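The file my_file_34.tsv comes next; it holds TSV, C-alpha atoms.
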chain	number	residue	atom	x	y	z
A	1	MET	CA	107.13	76.19	142.46
A	2	ILE	CA	106.89	72.48	141.84
A	3	SER	CA	107.55	69.89	144.57
A	4	ILE	CA	110.08	67.17	143.74
A	5	GLY	CA	110.07	63.49	144.67
A	6	LEU	CA	112.60	63.97	147.45
A	7	GLU	CA	110.34	66.50	149.15
A	8	HIS	CA	107.32	64.23	148.85
A	9	LEU	CA	109.17	61.28	150.32
A	10	LEU	CA	110.25	63.35	153.31
A	11	ALA	CA	106.81	64.91	153.78
A	12	GLY	CA	104.97	61.61	153.53
A	13	GLY	CA	107.41	59.45	155.47
A	14	ASP	CA	107.34	56.23	153.47
A	15	ARG	CA	106.69	53.65	156.18
A	16	SER	CA	107.99	50.86	153.97
A	17	LEU	CA	111.50	52.34	154.35
A	18	ALA	CA	111.44	52.25	158.15
A	19	GLY	CA	113.88	49.69	159.47
A	20	ARG	CA	115.36	49.08	156.02
A	21	ARG	CA	119.00	49.61	155.07
A	22	LEU	CA	119.07	52.43	152.54
A	23	GLY	CA	121.57	53.45	149.89
A	24	LEU	CA	121.42	56.74	148.01
A	25	LEU	CA	122.63	57.36	144.44
A	26	SER	CA	123.05	61.12	144.10
A	27	ASN	CA	125.53	63.91	143.58
A	28	GLN	CA	125.92	67.48	144.74
A	29	ALA	CA	122.92	68.67	142.66
A	30	SER	CA	120.49	66.47	144.61
A	31	THR	CA	119.00	69.21	146.78
A	32	ASP	CA	115.56	70.34	147.87
A	33	ARG	CA	114.13	73.80	147.17
A	34	ARG	CA	116.12	75.25	150.08
A	35	LEU	CA	119.35	73.80	148.65
A	36	ARG	CA	119.62	71.23	151.45
A	37	HIS	CA	121.23	68.03	150.22
A	38	ALA	CA	119.29	64.78	149.98
A	39	ARG	CA	121.82	62.74	151.96
A	40	LEU	CA	121.55	65.09	154.94
A	41	LEU	CA	117.76	65.22	154.82
A	42	LEU	CA	117.50	61.44	154.54
A	43	GLN	CA	119.98	60.91	157.37
A	44	TRP	CA	117.96	63.25	159.59
A	45	ARG	CA	114.82	61.30	158.74
A	46	PHE	CA	116.10	57.71	158.77
A	47	GLY	CA	119.20	57.99	160.96
A	48	ARG	CA	121.41	54.94	160.72
A	49	GLY	CA	119.00	53.48	158.18
A	50	LEU	CA	120.94	55.39	155.53
A	51	SER	CA	123.96	53.13	155.24
A	52	CYS	CA	125.92	54.21	152.16
A	53	LEU	CA	126.11	56.59	149.22
A	54	PHE	CA	126.74	56.12	145.48
A	55	SER	CA	127.89	58.70	142.93
A	56	PRO	CA	127.72	58.84	139.09
A	57	GLN	CA	130.16	60.23	136.50
A	58	HIS	CA	132.10	63.41	137.39
A	59	GLY	CA	132.33	62.53	141.10
A	60	PHE	CA	129.97	63.29	143.95
A	61	PHE	CA	130.72	67.01	143.82
A	62	ALA	CA	130.72	67.12	139.98
A	63	GLU	CA	134.39	68.05	140.22
A	64	LYS	CA	135.75	65.81	137.45
A	65	GLN	CA	135.75	67.82	134.26
A	66	ASP	CA	135.82	65.38	131.37
A	67	ASN	CA	134.92	61.93	130.05
A	68	MET	CA	136.84	58.92	131.38
A	69	VAL	CA	138.11	60.86	134.39
A	70	GLU	CA	137.34	58.41	137.15
A	71	SER	CA	136.62	59.02	140.83
A	72	GLY	CA	137.49	56.64	143.63
A	73	HIS	CA	135.59	55.35	146.64
A	74	SER	CA	135.76	57.50	149.76
A	75	VAL	CA	134.03	58.39	153.02
A	76	ASP	CA	131.64	61.35	152.98
A	77	ALA	CA	132.88	63.92	155.48
A	78	GLU	CA	129.39	65.28	156.25
A	79	THR	CA	127.67	62.00	157.07
A	80	GLY	CA	130.53	59.62	157.76
A	81	LEU	CA	129.02	57.20	155.24
A	82	PRO	CA	130.96	55.15	152.70
A	83	LEU	CA	130.70	56.71	149.25
A	84	PHE	CA	130.98	54.30	146.34
A	85	SER	CA	131.90	55.63	142.91
A	86	LEU	CA	129.98	54.15	139.99
A	87	TYR	CA	132.38	55.78	137.56
A	88	GLY	CA	135.68	54.29	138.60
A	89	ASP	CA	136.90	50.72	138.86
A	90	SER	CA	133.41	49.67	137.80
A	91	ARG	CA	130.38	51.39	136.36
A	92	ARG	CA	128.10	48.79	137.91
A	93	PRO	CA	127.38	48.35	141.60
A	94	THR	CA	129.08	45.24	142.87
A	95	ALA	CA	127.65	42.51	145.06
A	96	GLU	CA	129.72	43.83	147.97
A	97	MET	CA	128.18	47.29	147.59
A	98	PHE	CA	124.63	46.00	147.42
A	99	GLU	CA	125.13	43.66	150.38
A	100	ARG	CA	124.88	46.78	152.55
A	101	ILE	CA	121.37	47.77	151.47
A	102	ASP	CA	117.79	46.60	151.15
A	103	VAL	CA	116.57	49.63	149.18
A	104	LEU	CA	118.39	51.92	146.75
A	105	LEU	CA	117.09	55.50	146.54
A	106	ILE	CA	118.00	57.35	143.33
A	107	ASP	CA	117.89	61.15	143.28
A	108	LEU	CA	119.74	62.57	140.27
A	109	VAL	CA	119.30	65.64	138.08
A	110	ASP	CA	119.01	64.46	134.47
A	111	VAL	CA	119.14	66.64	131.33
A	112	GLY	CA	116.79	64.81	128.96
A	113	THR	CA	119.38	63.58	126.45
A	114	ARG	CA	120.16	59.98	125.44
A	115	VAL	CA	123.93	60.31	125.83
A	116	TYR	CA	123.95	61.68	129.41
A	117	THR	CA	125.54	58.88	131.41
A	118	PHE	CA	123.53	59.31	134.63
A	119	LEU	CA	120.77	57.44	132.82
A	120	TYR	CA	122.97	54.37	132.32
A	121	THR	CA	124.30	54.44	135.87
A	122	MET	CA	120.67	54.19	136.93
A	123	ALA	CA	120.06	51.44	134.37
A	124	TYR	CA	122.97	49.36	135.67
A	125	CYS	CA	121.62	49.81	139.18
A	126	LEU	CA	118.18	48.58	138.04
A	127	GLU	CA	119.77	45.53	136.39
A	128	GLU	CA	121.84	44.62	139.42
A	129	ALA	CA	118.99	45.33	141.83
A	130	ALA	CA	116.72	42.97	139.87
A	131	ARG	CA	119.36	40.22	140.08
A	132	ARG	CA	119.84	40.65	143.83
A	133	GLY	CA	116.30	41.37	145.01
A	134	ILE	CA	117.01	44.99	145.94
A	135	ARG	CA	114.11	47.44	145.80
A	136	VAL	CA	114.72	50.70	143.92
A	137	VAL	CA	112.91	53.99	144.63
A	138	VAL	CA	113.47	56.85	142.17
A	139	LEU	CA	112.79	60.33	143.55
A	140	ASP	CA	111.61	62.17	140.47
A	141	ARG	CA	112.78	65.53	139.15
A	142	PRO	CA	111.97	67.65	136.06
A	143	ASN	CA	113.26	67.03	132.58
A	144	PRO	CA	114.81	70.48	131.99
A	145	THR	CA	114.04	70.36	128.25
A	146	GLY	CA	110.36	69.59	128.86
A	147	GLY	CA	108.26	66.51	128.41
A	148	GLU	CA	106.49	67.05	125.11
A	149	ALA	CA	108.98	67.09	122.23
A	150	VAL	CA	111.03	64.07	121.19
A	151	GLU	CA	113.71	64.39	118.55
A	152	GLY	CA	116.28	62.39	116.68
A	153	ASN	CA	117.00	58.91	115.47
A	154	ILE	CA	116.55	55.79	117.58
A	155	LEU	CA	119.75	54.17	118.87
A	156	ARG	CA	120.89	51.15	116.84
A	157	PRO	CA	122.13	48.04	118.72
A	158	GLU	CA	125.54	48.16	117.00
A	159	CYS	CA	126.08	51.61	118.52
A	160	ALA	CA	125.25	50.55	122.07
A	161	SER	CA	127.70	51.92	124.67
A	162	PHE	CA	127.76	53.75	127.99
A	163	VAL	CA	126.34	56.77	126.14
A	164	GLY	CA	123.48	54.70	124.71
A	165	LEU	CA	122.17	51.34	125.88
A	166	TYR	CA	118.49	51.42	124.93
A	167	PRO	CA	116.43	52.32	121.83
A	168	LEU	CA	115.88	55.98	122.71
A	169	PRO	CA	115.97	59.05	120.48
A	170	MET	CA	118.48	61.76	121.29
A	171	ARG	CA	115.82	63.82	123.06
A	172	HIS	CA	113.40	61.49	124.85
A	173	GLY	CA	111.03	63.85	126.70
A	174	LEU	CA	110.82	61.70	129.86
A	175	THR	CA	111.56	62.52	133.47
A	176	PHE	CA	114.16	60.41	135.27
A	177	GLY	CA	111.41	58.46	137.02
A	178	GLU	CA	109.60	57.84	133.75
A	179	LEU	CA	112.90	56.74	132.20
A	180	ALA	CA	113.34	54.21	134.99
A	181	LEU	CA	109.85	52.83	134.38
A	182	PHE	CA	110.48	52.77	130.61
A	183	ILE	CA	113.76	50.86	130.93
A	184	ASN	CA	112.43	48.46	133.50
A	185	GLY	CA	109.36	47.74	131.39
A	186	GLU	CA	110.72	47.79	127.84
A	187	ALA	CA	113.90	45.87	128.68
A	188	GLY	CA	112.02	43.44	130.91
A	189	LEU	CA	114.39	43.90	133.84
A	190	GLY	CA	111.85	42.90	136.47
A	191	CYS	CA	113.21	45.28	139.10
A	192	ASP	CA	111.06	46.00	142.17
A	193	LEU	CA	110.73	49.67	141.21
A	194	GLU	CA	108.79	52.60	142.61
A	195	VAL	CA	108.81	56.24	141.55
A	196	VAL	CA	107.99	59.02	144.02
A	197	PRO	CA	106.48	61.61	141.67
A	198	MET	CA	106.61	65.39	141.62
A	199	GLU	CA	103.63	67.67	142.15
A	200	GLY	CA	102.94	70.62	139.91
A	201	TRP	CA	105.16	69.62	137.00
A	202	GLN	CA	103.56	69.62	133.54
A	203	ARG	CA	105.00	68.26	130.33
A	204	SER	CA	105.05	71.69	128.70
A	205	MET	CA	107.42	73.03	131.36
A	206	ARG	CA	111.07	73.69	130.79
A	207	PHE	CA	113.21	74.18	133.84
A	208	ARG	CA	112.84	77.95	134.14
A	209	ASP	CA	109.05	77.42	134.31
A	210	THR	CA	109.29	75.27	137.46
A	211	GLY	CA	110.44	77.94	139.90
A	212	PHE	CA	112.89	75.39	141.30
A	213	PRO	CA	116.56	76.36	141.85
A	214	TRP	CA	119.04	74.94	139.37
A	215	VAL	CA	122.13	73.21	140.72
A	216	PHE	CA	124.55	72.06	138.05
A	217	PRO	CA	124.58	68.23	137.78
A	218	SER	CA	127.92	68.07	135.95
A	219	PRO	CA	130.73	70.61	135.55
A	220	ASN	CA	129.81	71.58	132.00
A	221	MET	CA	126.07	71.88	132.63
A	222	PRO	CA	126.08	75.23	134.47
A	223	THR	CA	122.57	76.46	133.58
A	224	PRO	CA	119.20	75.19	132.32
A	225	GLU	CA	119.99	76.93	129.04
A	226	THR	CA	122.97	74.60	128.63
A	227	ALA	CA	120.59	71.67	128.95
A	228	LEU	CA	118.35	73.08	126.20
A	229	VAL	CA	121.14	73.06	123.59
A	230	TYR	CA	122.90	69.92	124.82
A	231	PRO	CA	120.82	67.36	122.83
A	232	GLY	CA	122.41	68.79	119.69
A	233	GLN	CA	125.65	70.36	120.79
A	234	VAL	CA	126.91	67.18	122.44
A	235	ILE	CA	127.71	65.80	118.98
A	236	TRP	CA	130.80	68.05	118.80
A	237	GLU	CA	132.42	65.86	121.45
A	238	GLY	CA	133.01	63.40	118.61
A	239	THR	CA	134.92	65.94	116.48
A	240	ASN	CA	137.87	68.34	116.52
A	241	VAL	CA	135.44	71.27	116.89
A	242	SER	CA	135.29	72.93	120.30
A	243	GLU	CA	131.95	72.44	122.06
A	244	GLY	CA	132.83	75.31	124.38
A	245	ARG	CA	134.52	73.30	127.13
A	246	GLY	CA	137.11	75.47	128.78
A	247	THR	CA	134.84	78.53	128.51
A	248	THR	CA	132.06	79.88	130.74
A	249	LEU	CA	129.43	78.80	128.18
A	250	PRO	CA	130.03	75.10	127.44
A	251	PHE	CA	127.80	73.73	124.66
A	252	GLU	CA	126.32	77.17	124.05
A	253	LEU	CA	129.55	78.05	122.22
A	254	VAL	CA	130.86	76.11	119.25
A	255	GLY	CA	133.70	76.75	116.83
A	256	ALA	CA	137.26	76.15	115.68
A	257	PRO	CA	140.21	78.22	114.46
A	258	TYR	CA	139.60	77.16	110.86
A	259	TRP	CA	135.94	78.30	110.74
A	260	ASP	CA	134.66	81.31	108.85
A	261	CYS	CA	131.16	82.13	110.05
A	262	ARG	CA	129.88	83.80	106.89
A	263	PRO	CA	129.86	80.78	104.55
A	264	ILE	CA	128.55	78.62	107.38
A	265	VAL	CA	125.59	80.95	107.87
A	266	GLU	CA	124.91	80.85	104.13
A	267	ALA	CA	124.96	77.04	104.14
A	268	LEU	CA	122.51	76.93	107.04
A	269	GLU	CA	119.92	78.94	105.13
A	270	ALA	CA	118.78	75.74	103.40
A	271	THR	CA	117.48	74.27	106.70
A	272	PRO	CA	114.71	75.82	108.84
A	273	LEU	CA	116.12	76.28	112.35
A	274	PRO	CA	113.26	77.63	114.45
A	275	GLY	CA	113.52	78.94	117.98
A	276	CYS	CA	117.17	79.95	117.98
A	277	SER	CA	119.73	82.43	116.77
A	278	LEU	CA	123.36	81.63	115.97
A	279	ARG	CA	125.38	84.72	116.81
A	280	PRO	CA	128.88	84.82	115.29
A	281	LEU	CA	131.76	85.48	117.70
A	282	VAL	CA	135.31	84.52	118.61
A	283	PHE	CA	136.17	82.66	121.82
A	284	GLU	CA	139.34	81.22	123.32
A	285	PRO	CA	139.08	78.03	125.42
A	286	THR	CA	141.36	77.85	128.46
A	287	SER	CA	141.38	74.04	128.38
A	288	GLY	CA	140.31	71.17	126.13
A	289	LYS	CA	140.29	71.44	122.35
A	290	TRP	CA	142.10	74.45	120.91
A	291	ALA	CA	143.10	75.69	124.37
A	292	GLY	CA	144.67	79.13	124.12
A	293	GLN	CA	143.69	79.54	120.47
A	294	ALA	CA	141.07	81.88	119.05
A	295	CYS	CA	138.08	79.98	117.67
A	296	ALA	CA	135.63	81.52	115.23
A	297	GLY	CA	132.15	80.22	115.87
A	298	PHE	CA	128.74	80.89	117.33
A	299	GLN	CA	126.87	81.37	120.54
A	300	LEU	CA	123.60	79.47	120.29
A	301	HIS	CA	120.78	81.59	121.74
A	302	VAL	CA	117.44	79.82	122.32
A	303	THR	CA	114.68	82.32	121.57
A	304	ASP	CA	111.67	79.96	121.68
A	305	GLY	CA	112.15	76.80	123.71
A	306	ALA	CA	108.96	75.18	122.41
A	307	ALA	CA	109.92	75.60	118.76
A	308	PHE	CA	113.66	74.95	119.13
A	309	ARG	CA	115.02	71.71	117.69
A	310	PRO	CA	118.53	71.29	119.13
A	311	TYR	CA	119.43	68.06	117.32
A	312	ARG	CA	118.36	69.41	113.92
A	313	THR	CA	120.26	72.65	114.52
A	314	SER	CA	123.55	70.97	115.41
A	315	LEU	CA	123.28	68.36	112.65
A	316	ALA	CA	122.75	71.11	110.08
A	317	LEU	CA	125.77	72.95	111.44
A	318	LEU	CA	127.85	69.77	111.35
A	319	GLN	CA	126.87	69.11	107.76
A	320	ALA	CA	127.84	72.65	106.75
A	321	VAL	CA	131.26	72.21	108.35
A	322	LEU	CA	131.73	68.81	106.66
A	323	GLN	CA	131.10	70.41	103.29
A	324	LEU	CA	133.10	73.60	103.82
A	325	TYR	CA	136.19	72.25	105.59
A	326	PRO	CA	136.85	68.68	104.39
A	327	ASP	CA	140.60	68.98	104.99
A	328	GLN	CA	140.59	70.67	108.39
A	329	PHE	CA	137.60	68.96	110.00
A	330	HIS	CA	138.29	65.60	111.67
A	331	TYR	CA	136.40	63.09	113.76
A	332	LYS	CA	137.66	62.35	117.23
A	333	GLN	CA	139.29	58.93	117.40
A	334	PRO	CA	138.75	56.37	120.17
A	335	PRO	CA	138.76	55.95	123.10
A	336	TYR	CA	135.50	57.53	124.17
A	337	GLU	CA	133.53	56.43	127.24
A	338	TYR	CA	135.41	53.13	127.50
A	339	GLU	CA	134.94	52.24	123.83
A	340	PHE	CA	138.33	51.71	122.20
A	341	GLU	CA	137.49	50.78	118.60
A	342	ARG	CA	134.25	52.35	117.40
A	343	LEU	CA	134.10	55.95	116.17
A	344	PRO	CA	132.98	58.23	119.01
A	345	LEU	CA	130.65	60.25	116.79
A	346	ASP	CA	128.78	57.10	115.76
A	347	LEU	CA	128.26	56.23	119.43
A	348	ILE	CA	126.97	59.74	120.13
A	349	LEU	CA	124.67	59.81	117.10
A	350	GLY	CA	123.54	56.26	117.88
A	351	ASP	CA	123.64	55.23	114.22
A	352	GLY	CA	126.63	55.30	111.89
A	353	GLU	CA	124.28	55.74	108.95
A	354	VAL	CA	123.37	59.23	110.19
A	355	ARG	CA	127.01	60.26	109.85
A	356	ARG	CA	127.31	58.67	106.40
A	357	GLN	CA	124.18	60.42	105.17
A	358	LEU	CA	125.42	63.77	106.44
A	359	GLU	CA	128.71	63.18	104.62
A	360	ALA	CA	126.77	62.34	101.45
A	361	GLY	CA	124.88	65.63	101.64
A	362	THR	CA	121.43	64.22	102.47
A	363	PRO	CA	119.36	67.16	103.78
A	364	VAL	CA	118.72	67.06	107.52
A	365	LEU	CA	114.98	67.37	106.95
A	366	ALA	CA	115.12	64.27	104.75
A	367	LEU	CA	116.92	62.43	107.54
A	368	GLU	CA	114.16	63.47	109.93
A	369	ASP	CA	111.54	62.13	107.53
A	370	GLY	CA	113.33	58.79	107.61
A	371	TRP	CA	113.11	58.67	111.42
A	372	ARG	CA	109.44	59.61	111.58
A	373	ARG	CA	107.91	56.15	111.85
A	374	GLU	CA	110.35	55.04	114.55
A	375	LEU	CA	109.73	58.21	116.50
A	376	GLU	CA	105.98	57.67	116.27
A	377	ALA	CA	106.42	54.14	117.60
A	378	PHE	CA	108.62	55.44	120.41
A	379	GLU	CA	106.03	58.09	121.22
A	380	GLU	CA	103.39	55.40	121.61
A	381	ARG	CA	105.65	53.32	123.88
A	382	ARG	CA	106.79	56.17	126.08
A	383	ARG	CA	103.21	57.28	126.80
A	384	ARG	CA	102.65	54.03	128.69
A	385	TYR	CA	105.04	55.30	131.34
A	386	PHE	CA	103.80	58.87	131.72
A	387	LEU	CA	103.32	60.10	135.26
A	388	TYR	CA	102.34	63.64	134.27
A	389	HIS	CA	100.17	65.46	131.72

structure tokens encoding of this file:
Amino acid sequence: MISIGLEHLLAGGDRSLAGRRLGLLSNQASTDRRLRHARLLLQWRFGRGLSCLFSPQHGFFAEKQDNMVESGHSVDAETGLPLFSLYGDSRRPTAEMFERIDVLLIDLVDVGTRVYTFLYTMAYCLEEAARRGIRVVVLDRPNPTGGEAVEGNILRPECASFVGLYPLPMRHGLTFGELALFINGEAGLGCDLEVVPMEGWQRSMRFRDTGFPWVFPSPNMPTPETALVYPGQVIWEGTNVSEGRGTTLPFELVGAPYWDCRPIVEALEATPLPGCSLRPLVFEPTSGKWAGQACAGFQLHVTDGAAFRPYRTSLALLQAVLQLYPDQFHYKQPPYEYEFERLPLDLILGDGEVRRQLEAGTPVLALEDGWRRELEAFEERRRRYFLYH
């Protein structure tokens, strides 16, 4: 089993934190290998030095189901500490919040995908910490999709939003600590930043290889397998197709009442989709899109995590649906993640031209060829921030 940053901090006893006022950005998934929560472990170690808590989207206990469902500030019953929501009245920490601390500890489970908002909560904290002279310490954890493969187009500035603020591909292949270093360095934030690394993690590992227990970081990320498909399946949030919310297999299921699986499978034969199998089925969501209605679709089974290309797979499926069901398929309209004018799918894809090319019938492999140079440049940049081999 690997050792995570939280465990190393507690084992080593960072003397520079002694006597400092500490804040902790975390949620219910921030546990050690024995499923003990970070806030309790840090309070035992530092006592009154831990002065407040912060939580990201979905609430501290990951109880808020959907996008733009805010959580308020509260007091944590276990520790008695004030708990500030960074997905409520504001998505940035305020001056009043940061007046309580000298050091912000960040311990969040990330899923390796550009659109996952925990990344941007951390980024806002880095920006505000740099402005106010607050030190930030990121306690690193695994990227559940691994650290080798990168995939997708680079975010365009005109598509910047709370699901994409920096020029990252959809699947970035960085740990949360490496992401913090990347953002701080590439965006020139100048934050006083430290990462407490893991031991035993290798870039080839996906989460099941780590031996570490999985605790769901958000309500629709129940398993590591969900995280594997998420870099592609998240695109359905920008459409009228069910991404499996309201079922026990969110993002692993996809479909709609108007689908017929047979012609979709035939259309997909033109695109190599390694490492996965799309098994036709029917499912009925209990909430969200098409609640209470039978949806024809697929369960996405990952058969080879190293070969699997989630973004390619979901783009190919989207293009097939665009071609087969032009009258029934629709894009979701704003708002989406506090954007009230721009098309949600463009924000998710990070480039409106990707959508237009899919509509025009450009093969997905040709799209990938067009991203190759930018991905190679990103690969060179991200390697500067590697903490692991």

Task: Straight-line distance linking atom CA of A:Asp76 with atom CA of A:Cys52, stated in Å to one decimal - done: 9.2 Å

Counting all atoms listed in the file, what are the residues of stretch 220-325 of chain A within 10 Å of stretch 333-338 of chain A, and for each of them which pair of atoms is the nearest and at what distance in Å, to one decimal? Sort the table by chain and rising number, as JSON lines.
{"residue": "A:Glu237", "atom": "CA", "partner": "A:Tyr336", "partner_atom": "CA", "distance": 9.3}
{"residue": "A:Gly238", "atom": "CA", "partner": "A:Gln333", "partner_atom": "CA", "distance": 7.8}
{"residue": "A:Thr239", "atom": "CA", "partner": "A:Gln333", "partner_atom": "CA", "distance": 8.3}
{"residue": "A:Asn240", "atom": "CA", "partner": "A:Gln333", "partner_atom": "CA", "distance": 9.6}

TODO: Using all atoms listed in the file, pick whichever of A:Arg342, A:Met1, A:Gln357, A:Val150 has the shortest atom-to-atom distance to A:Ala306.
DONE: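 The shortest atom-to-atom distance to A:Ala306 comes from A:Val150.
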
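Point (128.9, 54.0, 148.2) has the following residues at most 10 Å away: Gly23, Leu24, Leu25, Ser51, Cys52, Leu53, Phe54, Ser55, His73, Ser74, Val75, Asp76, Leu81, Pro82, Leu83, Phe84, Ser85, Leu86, Pro93, Met97, Phe98 and Arg100 of chain A (atoms considered: only C-alpha atoms).
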
The selected residues should be written to file as a tab-separated table (two decimals), in the frame of the given file (atoms: C-alpha atoms).
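This is the output file result_5.tsv:
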chain	number	residue	atom	x	y	z
A	23	GLY	CA	121.57	53.45	149.89
A	24	LEU	CA	121.42	56.74	148.01
A	25	LEU	CA	122.63	57.36	144.44
A	51	SER	CA	123.96	53.13	155.24
A	52	CYS	CA	125.92	54.21	152.16
A	53	LEU	CA	126.11	56.59	149.22
A	54	PHE	CA	126.74	56.12	145.48
A	55	SER	CA	127.89	58.70	142.93
A	73	HIS	CA	135.59	55.35	146.64
A	74	SER	CA	135.76	57.50	149.76
A	75	VAL	CA	134.03	58.39	153.02
A	76	ASP	CA	131.64	61.35	152.98
A	81	LEU	CA	129.02	57.20	155.24
A	82	PRO	CA	130.96	55.15	152.70
A	83	LEU	CA	130.70	56.71	149.25
A	84	PHE	CA	130.98	54.30	146.34
A	85	SER	CA	131.90	55.63	142.91
A	86	LEU	CA	129.98	54.15	139.99
A	93	PRO	CA	127.38	48.35	141.60
A	97	MET	CA	128.18	47.29	147.59
A	98	PHE	CA	124.63	46.00	147.42
A	100	ARG	CA	124.88	46.78	152.55

Open item on the list: Give me the residues near A:Gly188 as a ChimeraX atom specification, where near means some atom within 12 Å (using all atoms listed in the file) and where sequence neighbours in that chain fewer than 2 positions away do not count.
Closed with: /A:123,126-127,130,166,180-186,190-192

Open item on the list: Which residue is closest to A:Pro56? Choose from A:Pro224, A:Pro363, A:Gly370, A:Gly88 and count all atoms listed in the file.
Closed with: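 Among the listed residues, A:Gly88 lies closest to A:Pro56.
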
Test item: residues at most 10 Å from A:Leu324, all atoms listed in the file, excluding those fewer than 5 positions along its chain, as a PDB file with C-alpha atoms, in the coordinates of the input:
ATOM      1  CA  TRP A 259     135.940  78.300 110.740  1.00  0.00           C
ATOM      2  CA  ASP A 260     134.660  81.310 108.850  1.00  0.00           C
ATOM      3  CA  PRO A 263     129.860  80.780 104.550  1.00  0.00           C
ATOM      4  CA  ILE A 264     128.550  78.620 107.380  1.00  0.00           C
ATOM      5  CA  ALA A 267     124.960  77.040 104.140  1.00  0.00           C
ATOM      6  CA  LEU A 318     127.850  69.770 111.350  1.00  0.00           C
ATOM      7  CA  GLN A 319     126.870  69.110 107.760  1.00  0.00           C
ATOM      8  CA  PHE A 329     137.600  68.960 110.000  1.00  0.00           C
TER       9      PHE A 329
END

Open item on the list: Using all atoms listed in the file, can you tell me which of A:Arg383, A:Arg156, A:Arg34, A:Arg203 comes closest to A:Val354?
Closed with: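 Looking at the shortest contact to A:Val354, the residue is A:Arg156.
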
Kindly list the centre and edge lengths in Å, rounded to one decimal, for the axis-aligned box that covers all listed atoms of stretch 173-186 of chain A plus 4 Å on each of its six sides, as AutoDock Vina command-line options.
--center_x 111.8 --center_y 55.8 --center_z 131.9 --size_x 12.8 --size_y 24.1 --size_z 18.3

Task: Å distance separating atom CA of A:Pro197 from atom CA of A:Val302, one decimal place - done: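 So the answer is 28.7 Å.
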